[in-house]
$ cat my_file-v9.txt   # compact mmCIF, C-alpha atoms and all ligand atoms
# COMPACT_ATOMS: atom_id res chain seq x y z
CA MET E 1221 0.00 0.00 0.00
CA ASN E 1222 1.54 3.36 -1.00
CA GLY E 1223 -1.28 5.95 -1.00
CA ALA E 1224 -2.62 7.53 2.18
CA GLY E 1225 -6.17 6.78 3.24
CA ASN E 1226 -8.53 7.94 5.95
CA ASP E 1227 -7.66 4.78 7.82
CA ASP E 1228 -4.06 6.07 8.08
CA ALA E 1229 -5.30 9.35 9.57
CA ALA E 1230 -7.60 7.51 11.98
CA LEU E 1231 -4.71 5.26 12.99
CA ALA E 1232 -2.40 8.26 13.55
CA ARG E 1233 -5.06 9.83 15.76
CA ARG E 1234 -5.66 6.64 17.78
CA ILE E 1235 -1.96 6.11 18.37
CA ALA E 1236 -1.33 9.76 19.36
CA ASP E 1237 -4.34 9.62 21.72
CA ALA E 1238 -3.16 6.41 23.37
CA ALA E 1239 0.41 7.64 23.83
CA GLY E 1240 -0.90 10.91 25.27
CA ALA E 1241 -3.10 9.07 27.77
CA VAL E 1242 -0.19 6.90 28.89
CA LEU E 1243 1.99 9.99 29.33
CA VAL E 1244 -0.66 11.65 31.51
CA THR E 1245 -0.93 8.51 33.66
CA LEU E 1246 2.84 8.17 33.93
CA ARG E 1247 3.19 11.74 35.18
CA GLN E 1248 0.26 11.39 37.62
CA SER E 1249 1.80 8.23 39.09
CA GLY E 1250 4.51 10.27 40.81
CA LEU E 1251 7.00 7.46 40.19
CA PHE E 1252 9.43 9.75 38.35
CA ALA E 1253 10.33 13.42 38.59
CA GLY E 1254 12.33 16.00 36.66
CA LYS E 1255 14.64 14.71 33.92
CA ALA E 1256 13.90 11.09 34.87
CA LEU E 1257 10.20 11.75 34.21
CA GLY E 1258 10.97 13.20 30.77
CA ALA E 1259 13.23 10.25 29.91
CA ALA E 1260 10.63 7.72 31.08
CA GLY E 1261 7.92 9.52 29.09
CA ASP E 1262 10.04 9.50 25.91
CA ARG E 1263 10.72 5.76 26.27
CA VAL E 1264 7.22 4.62 27.21
CA ALA E 1265 5.46 6.66 24.51
CA ASN E 1266 7.98 5.52 21.91
CA ALA E 1267 7.47 1.85 22.81
CA LEU E 1268 3.69 2.21 22.47
CA ILE E 1269 3.91 3.98 19.10
CA LEU E 1270 6.45 1.56 17.61
CA GLN E 1271 4.46 -1.49 18.71
CA ALA E 1272 1.20 -0.10 17.33
CA LEU E 1273 2.81 0.74 13.98
CA ALA E 1274 4.55 -2.64 13.79
CA ASP E 1275 1.19 -4.37 14.37
CA GLU E 1276 -0.96 -2.15 12.16
CA ARG E 1277 1.45 -1.16 9.35
CA PRO E 1278 4.19 -3.82 9.28
CA ASP E 1279 5.32 -2.86 5.76
CA ASP E 1280 5.93 0.82 6.52
CA ALA E 1281 9.18 2.37 7.79
CA VAL E 1282 9.42 4.50 10.94
CA LEU E 1283 11.60 7.47 11.87
CA SER E 1284 11.34 8.32 15.57
CA GLU E 1285 13.17 10.83 17.71
CA GLU E 1286 13.66 8.10 20.30
CA SER E 1287 14.88 5.23 18.08
CA VAL E 1288 18.10 4.53 16.23
CA ASP E 1289 17.64 5.66 12.64
CA ASN E 1290 17.31 2.78 10.16
CA PRO E 1291 18.54 4.01 6.74
CA GLU E 1292 16.25 1.51 5.01
CA ARG E 1293 13.57 4.20 5.36
CA LEU E 1294 15.31 6.10 2.53
CA GLU E 1295 14.22 3.35 0.12
CA ARG E 1296 10.58 3.49 1.27
CA ARG E 1297 7.74 5.64 0.00
CA ARG E 1298 5.69 5.43 3.24
CA VAL E 1299 7.51 6.50 6.41
CA TRP E 1300 5.89 7.23 9.76
CA ILE E 1301 7.67 10.17 11.40
CA VAL E 1302 6.98 10.37 15.12
CA ASP E 1303 7.94 12.45 18.11
CA PRO E 1304 6.62 10.43 21.07
CA LEU E 1305 6.89 13.40 23.44
CA ASP E 1306 7.46 16.84 21.99
CA GLY E 1307 8.13 19.37 24.72
CA THR E 1308 9.85 16.89 27.00
CA ARG E 1309 11.14 19.78 29.10
CA GLU E 1310 7.63 21.16 29.67
CA TYR E 1311 6.21 17.68 30.38
CA SER E 1312 8.83 17.08 33.05
CA GLU E 1313 8.16 20.52 34.58
CA GLY E 1314 4.47 19.66 35.08
CA ARG E 1315 3.28 22.10 32.40
CA ASP E 1316 0.52 21.56 29.82
CA ASP E 1317 2.39 22.60 26.64
CA TRP E 1318 3.61 19.25 25.32
CA ALA E 1319 2.36 16.99 22.56
CA VAL E 1320 2.54 13.63 20.82
CA HIS E 1321 3.25 13.72 17.06
CA VAL E 1322 2.34 10.89 14.69
CA ALA E 1323 2.76 11.60 10.96
CA LEU E 1324 2.97 9.63 7.76
CA ALA E 1325 5.21 11.02 5.02
CA ILE E 1326 4.61 9.68 1.53
CA ASP E 1327 7.35 10.39 -1.03
CA GLY E 1328 8.72 13.01 1.37
CA GLU E 1329 5.39 14.85 1.65
CA PRO E 1330 3.72 15.20 5.07
CA ALA E 1331 0.52 13.45 3.95
CA ILE E 1332 -1.07 12.49 7.28
CA GLY E 1333 -0.64 13.81 10.79
CA ALA E 1334 -2.09 13.75 14.28
CA VAL E 1335 -1.01 15.96 17.18
CA ALA E 1336 -2.31 15.03 20.62
CA LEU E 1337 -2.45 17.76 23.27
CA PRO E 1338 -3.45 15.54 26.18
CA LYS E 1339 -3.65 18.25 28.83
CA LEU E 1340 -6.07 20.19 26.62
CA GLY E 1341 -8.06 17.01 25.95
CA LEU E 1342 -7.56 17.55 22.21
CA THR E 1343 -6.13 15.61 19.30
CA LEU E 1344 -6.01 17.44 15.99
CA ALA E 1345 -5.54 15.43 12.81
CA THR E 1346 -5.54 15.78 9.05
CA ASP E 1347 -8.80 13.87 8.58
CA THR E 1348 -10.86 16.40 10.55
CA PRO E 1349 -9.09 19.79 10.34
CA PRO E 1350 -10.88 22.48 12.36
CA ALA E 1351 -12.10 25.69 10.70
CA LEU E 1352 -9.70 28.59 11.26
CA PRO E 1353 -11.00 31.00 13.92
CA SER E 1354 -10.82 34.77 13.44
CA ARG E 1355 -7.46 36.49 13.75
CA ASN E 1356 -6.17 38.14 16.93
CA MET E 1357 -5.72 41.87 17.00
CA PRO E 1358 -2.93 42.70 17.70
CA PRO E 1359 -1.52 39.51 16.18
CA LYS E 1360 0.01 36.90 18.46
CA MET E 1361 3.21 35.08 17.58
CA VAL E 1362 4.15 31.83 19.35
CA VAL E 1363 7.86 31.29 19.96
CA SER E 1364 10.02 28.77 21.78
CA ARG E 1365 10.17 29.42 25.54
CA SER E 1366 13.85 28.52 25.68
CA ARG E 1367 15.11 29.42 22.18
CA PRO E 1368 12.93 32.15 20.60
CA ALA E 1369 13.97 32.81 16.99
CA PRO E 1370 15.71 36.20 16.63
CA GLU E 1371 13.72 36.76 13.41
CA ALA E 1372 10.47 36.24 15.31
CA VAL E 1373 11.41 38.76 17.98
CA ALA E 1374 12.41 41.35 15.34
CA ILE E 1375 9.27 40.81 13.21
CA ALA E 1376 6.96 40.92 16.22
CA LYS E 1377 8.40 44.33 17.04
CA GLU E 1378 8.03 45.47 13.42
CA ILE E 1379 4.39 44.43 13.02
CA GLY E 1380 3.29 45.10 16.60
CA ALA E 1381 2.62 41.44 17.40
CA ASP E 1382 2.56 40.11 20.95
CA LEU E 1383 5.02 37.28 21.60
CA LEU E 1384 3.56 34.18 23.24
CA PRO E 1385 6.36 31.92 24.53
CA MET E 1386 5.28 28.27 24.63
CA GLY E 1387 6.94 24.86 24.78
CA SER E 1388 6.64 22.15 22.08
CA ALA E 1389 6.54 22.64 18.32
CA GLY E 1390 3.25 20.71 18.19
CA ALA E 1391 1.62 22.84 20.88
CA LYS E 1392 2.73 26.03 19.09
CA ALA E 1393 1.59 24.90 15.65
CA MET E 1394 -1.77 23.82 17.12
CA ALA E 1395 -2.06 27.20 18.89
CA VAL E 1396 -2.11 28.75 15.39
CA VAL E 1397 -4.57 26.14 14.09
CA ARG E 1398 -6.81 26.78 17.13
CA GLY E 1399 -6.60 30.57 16.76
CA GLU E 1400 -4.84 31.18 20.08
CA ALA E 1401 -1.98 32.59 17.96
CA ASP E 1402 -1.57 33.78 14.37
CA ILE E 1403 2.08 33.06 13.55
CA TYR E 1404 4.65 30.41 14.52
CA LEU E 1405 8.15 31.27 13.37
CA HIS E 1406 11.14 29.18 14.39
CA SER E 1407 14.80 29.13 13.37
CA GLY E 1408 18.07 27.81 14.75
CA GLY E 1409 17.29 24.10 15.00
CA GLN E 1410 14.67 21.35 14.87
CA TYR E 1411 14.38 17.88 13.37
CA GLU E 1412 11.87 16.24 11.02
CA TRP E 1413 9.90 14.70 13.91
CA ASP E 1414 9.39 18.10 15.55
CA SER E 1415 7.42 19.49 12.60
CA CYS E 1416 6.07 16.68 10.38
CA ALA E 1417 2.74 15.98 12.15
CA PRO E 1418 2.18 19.62 13.18
CA ILE E 1419 2.64 20.97 9.65
CA ALA E 1420 0.50 18.22 8.13
CA VAL E 1421 -2.36 19.33 10.41
CA ALA E 1422 -1.67 23.05 9.83
CA ARG E 1423 -1.73 22.55 6.04
CA ALA E 1424 -4.96 20.56 6.23
CA ALA E 1425 -6.47 23.43 8.23
CA GLY E 1426 -5.63 25.83 5.36
CA LEU E 1427 -2.57 27.57 6.80
CA HIS E 1428 0.64 28.52 4.99
CA VAL E 1429 3.58 26.28 5.94
CA SER E 1430 7.17 26.63 4.66
CA ARG E 1431 10.82 27.00 5.58
CA ILE E 1432 11.70 30.58 6.46
CA ASP E 1433 13.19 31.07 2.97
CA GLY E 1434 9.76 30.16 1.55
CA SER E 1435 10.82 26.71 0.29
CA ALA E 1436 8.85 23.54 0.99
CA MET E 1437 9.36 21.40 4.10
CA GLU E 1438 10.80 18.06 2.92
CA TYR E 1439 10.69 14.84 4.90
CA ASN E 1440 12.41 11.46 5.00
CA CYS E 1441 15.74 13.01 4.05
CA ALA E 1442 19.11 11.39 4.84
CA ASP E 1443 19.84 14.36 7.13
CA VAL E 1444 16.80 14.82 9.34
CA TYR E 1445 17.84 18.27 10.56
CA LEU E 1446 15.09 20.71 9.52
CA PRO E 1447 15.94 23.82 11.49
CA ASP E 1448 13.27 26.41 10.70
CA LEU E 1449 9.65 26.92 9.75
CA LEU E 1450 6.91 29.48 9.28
CA ILE E 1451 3.23 28.76 9.93
CA CYS E 1452 0.78 31.60 9.36
CA ARG E 1453 -2.37 32.66 7.50
CA LYS E 1454 -1.91 32.26 3.75
CA GLU E 1455 -2.65 35.95 3.12
CA GLU E 1456 0.17 37.02 5.46
CA ALA E 1457 2.85 34.64 4.17
CA SER E 1458 4.42 36.83 1.49
CA SER E 1459 4.80 39.90 3.73
CA LEU E 1460 6.25 37.79 6.57
CA LEU E 1461 8.69 36.02 4.22
CA ALA E 1462 9.75 39.44 2.86
CA ALA E 1463 10.31 40.69 6.43
CA ILE E 1464 12.43 37.60 7.19
CA ARG E 1465 14.53 38.27 4.05
CA ARG E 1466 14.98 41.92 5.06
CA ILE E 1467 16.12 40.94 8.55
CA ALA E 1468 18.54 38.33 7.14
CA ALA E 1469 20.01 40.91 4.74
CA THR E 1470 20.45 43.49 7.52
CA THR E 1471 22.04 40.94 9.84
CA SER E 1472 24.50 39.66 7.21
CA ALA E 1473 25.35 43.24 6.12
CA ALA E 1474 26.07 44.36 9.69
CA PRO E 1475 29.79 44.90 10.34
CA ALA E 1476 31.36 42.25 12.59
CA LYS E 1477 31.77 43.36 16.18
CA PRO E 1478 35.45 43.91 17.12
N1 LIG E 1501 17.76 25.03 18.38
C1 LIG E 1501 17.24 23.80 18.44
N2 LIG E 1501 17.99 22.71 18.12
C2 LIG E 1501 17.45 21.47 18.15
N3 LIG E 1501 16.17 21.19 18.51
C3 LIG E 1501 15.39 22.25 18.84
C4 LIG E 1501 15.88 23.59 18.82
N4 LIG E 1501 14.87 24.41 19.18
C5 LIG E 1501 13.81 23.62 19.44
N5 LIG E 1501 14.10 22.31 19.23
C6 LIG E 1501 13.23 21.15 19.44
O1 LIG E 1501 11.92 21.48 19.00
C7 LIG E 1501 10.95 21.05 19.95
C8 LIG E 1501 10.20 22.28 20.42
O2 LIG E 1501 11.10 23.13 21.09
P1 LIG E 1501 10.63 24.50 21.75
O3 LIG E 1501 9.64 24.14 22.80
O4 LIG E 1501 11.87 25.11 22.32
O5 LIG E 1501 10.03 25.29 20.65
C9 LIG E 1501 11.69 20.35 21.08
O6 LIG E 1501 11.57 18.95 20.84
P2 LIG E 1501 11.61 17.82 21.99
O7 LIG E 1501 10.92 18.32 23.20
O8 LIG E 1501 10.93 16.67 21.32
O9 LIG E 1501 13.08 17.56 22.21
C10 LIG E 1501 13.12 20.86 20.93
O10 LIG E 1501 14.10 19.91 21.29
MG MG E 1502 10.26 17.37 19.48
$ encode --input "my_file-v9.txt" --output "structure tokens"
Amino acid sequence: MNGAGNDDAALARRIADAAGAVLVTLRQSGLFAGKALGAAGDRVANALILQALADERPDDAVLSEESVDNPERLERRRVWIVDPLDGTREYSEGRDDWAVHVALAIDGEPAIGAVALPKLGLTLATDTPPALPSRNMPPKMVVSRSRPAPEAVAIAKEIGADLLPMGSAGAKAMAVVRGEADIYLHSGGQYEWDSCAPIAVARAAGLHVSRIDGSAMEYNCADVYLPDLLICRKEEASSLLAAIRRIAATTSAAPAKP
């Protein structure tokens, strides 16, 4: 089987839901704390996702943040790209901004995705994308709590947007899908599993999704480093991409500090 079907989307949703529920239970158990809780969450959620995919889609390849990469995936058309616990830091701190990502890339395209936000009681997936709510005024821009993109900070200032620091790429992308924010701009580092499911859902919901140079996000590459992204309303994409180019030109033209 090479095409994506609704059953793939339903499966992605069921797996993300189940992993999210297990992560909630694990944290409530009080058995682990701090970094040990994050590490246990990563391992337990990964085991659940890998087992479910092995049972349900034995012919497909898998790329997971928490598993050793098997280069055989490069020969496959259908590759599940999963982040069992995105926002591990926030999960281990007892916060709500963490997510489970389950995506299916077909020929490098993010065809199917589900993002579970267990503490919000929500799982958003490509088979049932929500309608986009009205925009915030002034606009809100979600950024990493620990590593906000310099471009995002500069653009927020330029367009009068409020910055909304939040953990987890999935939680931030879903904040735009849900209308809590209008723009998610990240640079400086991320991997395919951080963005594949979130951008699949964002695209299905009708949002613009690209690298910050405007090029397409490509998946199942030999090098899984995919360091930047822009998610926003389609009608705002060209002005935001132009602003990013302007900032890049100014930064590279600036004389080096002595
Ligand atoms: N500069 C960077 N380099 C590598 N990974 C980064 C990164 N900035 C963010 N990420 C990853 O992107 C996810 C969201 O990060 P943030 O909350 O800071 O926006 C996190 O995934 P994990 O929690 O799965 O490790 C984090 O590790
Ligand atoms: Mg991640």
$ residues_around --input "my_file-v9.txt" --residues "Arg1315 (chain E)" --least-positions-apart "5" --cutoff "9 Å" --atoms "all atoms listed in the file" --output "ChimeraX atom specification"
/E:1309-1310,1339,1387
$ closest_residue --input "my_file-v9.txt" --among "E:Ser1366, E:Asn1290, E:Ser1249, E:Ser1284" --to "ligand MG 1502 (chain E)" --atoms "only C-alpha atoms and all ligand atoms"
E:Ser1284
$ closest_residue --input "my_file-v9.txt" --among "E:Lys1392, E:Lys1255, E:Arg1277, E:Arg1298" --to "ligand LIG 1501 (chain E)" --atoms "all atoms listed in the file"
E:Lys1392
$ residues_around --input "my_file-v9.txt" --residues "region 1419-1428 of chain E" --least-positions-apart "5" --cutoff "7 Å" --atoms "all atoms listed in the file" --output "MDAnalysis selection string"
chainID E and resid 1330:1334 1344:1346 1349:1352 1393 1397 1451:1454 1457
$ residues_near_ligand --input "my_file-v9.txt" --ligand "ligand MG 1502 (chain E)" --cutoff "10 Å" --atoms "all atoms listed in the file" --output "PyMOL selection string"
chain E and resi 1284-1286+1302-1309+1318-1321+1387-1390+1410-1415
$ residues_around --input "my_file-v9.txt" --residues "Ile1301 (chain E)" --least-positions-apart "5" --cutoff "7 Å" --atoms "all atoms listed in the file" --output "PDB file with C-alpha atoms, in the coordinates of the input"
ATOM      1  CA  VAL E1282       9.420   4.500  10.940  1.00  0.00           C
ATOM      2  CA  LEU E1283      11.600   7.470  11.870  1.00  0.00           C
ATOM      3  CA  SER E1284      11.340   8.320  15.570  1.00  0.00           C
ATOM      4  CA  VAL E1322       2.340  10.890  14.690  1.00  0.00           C
ATOM      5  CA  ALA E1323       2.760  11.600  10.960  1.00  0.00           C
ATOM      6  CA  LEU E1324       2.970   9.630   7.760  1.00  0.00           C
ATOM      7  CA  ALA E1325       5.210  11.020   5.020  1.00  0.00           C
ATOM      8  CA  TRP E1413       9.900  14.700  13.910  1.00  0.00           C
ATOM      9  CA  CYS E1416       6.070  16.680  10.380  1.00  0.00           C
TER      10      CYS E1416
END
$ residues_around --input "my_file-v9.txt" --residues "Thr1245 (chain E)" --least-positions-apart "3" --cutoff "12 Å" --atoms "all atoms listed in the file" --output "list in words"
Ala1238, Ala1239, Gly1240, Ala1241, Val1242, Gln1248, Ser1249, Gly1250, Leu1251, Phe1252, Leu1257, Ala1260, Gly1261, Val1264, Ala1265, Pro1338 and Lys1339 of chain E
$ atom_distance --input "my_file-v9.txt" --atom1 "CA of Tyr1445 (chain E)" --atom2 "CA of Leu1270 (chain E)"
21.4 Å
$ residues_near_point --input "my_file-v9.txt" --point "(9.8, 2.7, 5.9)" --cutoff "12 Å" --atoms "all atoms listed in the file" --output "PyMOL selection string"
chain E and resi 1221-1222+1273-1274+1277-1284+1289-1301+1324-1328+1440
$ build_atoms --input "my_file-v9.txt" --residues "region 1337-1370 of chain E" --atoms "N, CA and C atoms" --output "compact mmCIF listing (two decimals), in the coordinates of the input"
# COMPACT_ATOMS: atom_id res chain seq x y z
N LEU E 1337 -2.74 16.80 22.20
CA LEU E 1337 -2.45 17.76 23.27
C LEU E 1337 -3.21 17.26 24.50
N PRO E 1338 -2.66 16.26 25.16
CA PRO E 1338 -3.45 15.54 26.18
C PRO E 1338 -3.96 16.42 27.31
N LYS E 1339 -3.19 17.43 27.71
CA LYS E 1339 -3.65 18.25 28.83
C LYS E 1339 -4.75 19.22 28.42
N LEU E 1340 -4.94 19.39 27.10
CA LEU E 1340 -6.07 20.19 26.62
C LEU E 1340 -7.24 19.28 26.24
N GLY E 1341 -7.02 17.96 26.33
CA GLY E 1341 -8.06 17.01 25.95
C GLY E 1341 -8.37 17.05 24.47
N LEU E 1342 -7.35 17.34 23.65
CA LEU E 1342 -7.56 17.55 22.21
C LEU E 1342 -6.57 16.74 21.40
N THR E 1343 -7.05 16.15 20.30
CA THR E 1343 -6.13 15.61 19.30
C THR E 1343 -6.58 16.15 17.95
N LEU E 1344 -5.68 16.86 17.29
CA LEU E 1344 -6.01 17.44 15.99
C LEU E 1344 -5.33 16.61 14.91
N ALA E 1345 -6.08 16.31 13.84
CA ALA E 1345 -5.54 15.43 12.81
C ALA E 1345 -5.98 15.88 11.44
N THR E 1346 -5.29 15.34 10.42
CA THR E 1346 -5.54 15.78 9.05
C THR E 1346 -6.90 15.34 8.52
N ASP E 1347 -7.51 14.32 9.12
CA ASP E 1347 -8.80 13.87 8.58
C ASP E 1347 -9.96 14.78 9.00
N THR E 1348 -9.78 15.51 10.10
CA THR E 1348 -10.86 16.40 10.55
C THR E 1348 -10.26 17.76 10.95
N PRO E 1349 -9.71 18.51 9.98
CA PRO E 1349 -9.09 19.79 10.34
C PRO E 1349 -10.15 20.79 10.81
N PRO E 1350 -9.88 21.50 11.89
CA PRO E 1350 -10.88 22.48 12.36
C PRO E 1350 -10.90 23.71 11.45
N ALA E 1351 -12.02 24.42 11.45
CA ALA E 1351 -12.10 25.69 10.70
C ALA E 1351 -11.22 26.71 11.42
N LEU E 1352 -10.57 27.59 10.63
CA LEU E 1352 -9.70 28.59 11.26
C LEU E 1352 -10.55 29.66 11.95
N PRO E 1353 -10.26 29.94 13.23
CA PRO E 1353 -11.00 31.00 13.92
C PRO E 1353 -10.54 32.38 13.43
N SER E 1354 -11.21 33.43 13.89
CA SER E 1354 -10.82 34.77 13.44
C SER E 1354 -9.47 35.16 14.03
N ARG E 1355 -8.82 36.11 13.36
CA ARG E 1355 -7.46 36.49 13.75
C ARG E 1355 -7.46 37.34 15.01
N ASN E 1356 -6.33 37.31 15.73
CA ASN E 1356 -6.17 38.14 16.93
C ASN E 1356 -5.70 39.53 16.53
N MET E 1357 -6.14 40.49 17.26
CA MET E 1357 -5.72 41.87 17.00
C MET E 1357 -5.35 42.50 18.34
N PRO E 1358 -4.08 42.88 18.59
CA PRO E 1358 -2.93 42.70 17.70
C PRO E 1358 -2.59 41.23 17.51
N PRO E 1359 -1.85 40.91 16.42
CA PRO E 1359 -1.52 39.51 16.18
C PRO E 1359 -0.66 38.92 17.29
N LYS E 1360 -0.79 37.60 17.45
CA LYS E 1360 0.01 36.90 18.46
C LYS E 1360 0.96 35.93 17.75
N MET E 1361 2.21 35.93 18.20
CA MET E 1361 3.21 35.08 17.58
C MET E 1361 3.77 34.12 18.63
N VAL E 1362 3.60 32.81 18.41
CA VAL E 1362 4.15 31.83 19.35
C VAL E 1362 5.63 31.58 19.04
N VAL E 1363 6.41 31.53 20.09
CA VAL E 1363 7.86 31.29 19.96
C VAL E 1363 8.29 30.30 21.05
N SER E 1364 9.44 29.68 20.79
CA SER E 1364 10.02 28.77 21.78
C SER E 1364 10.24 29.50 23.11
N ARG E 1365 9.92 28.83 24.21
CA ARG E 1365 10.17 29.42 25.54
C ARG E 1365 11.66 29.57 25.78
N SER E 1366 12.43 28.54 25.33
CA SER E 1366 13.85 28.52 25.68
C SER E 1366 14.74 29.07 24.57
N ARG E 1367 14.27 28.98 23.30
CA ARG E 1367 15.11 29.42 22.18
C ARG E 1367 14.28 30.20 21.16
N PRO E 1368 13.75 31.38 21.56
CA PRO E 1368 12.93 32.15 20.60
C PRO E 1368 13.77 32.59 19.41
N ALA E 1369 13.24 32.44 18.20
CA ALA E 1369 13.97 32.81 16.99
C ALA E 1369 14.20 34.32 16.97
N PRO E 1370 15.45 34.75 16.71
CA PRO E 1370 15.71 36.20 16.63
C PRO E 1370 14.84 36.88 15.58
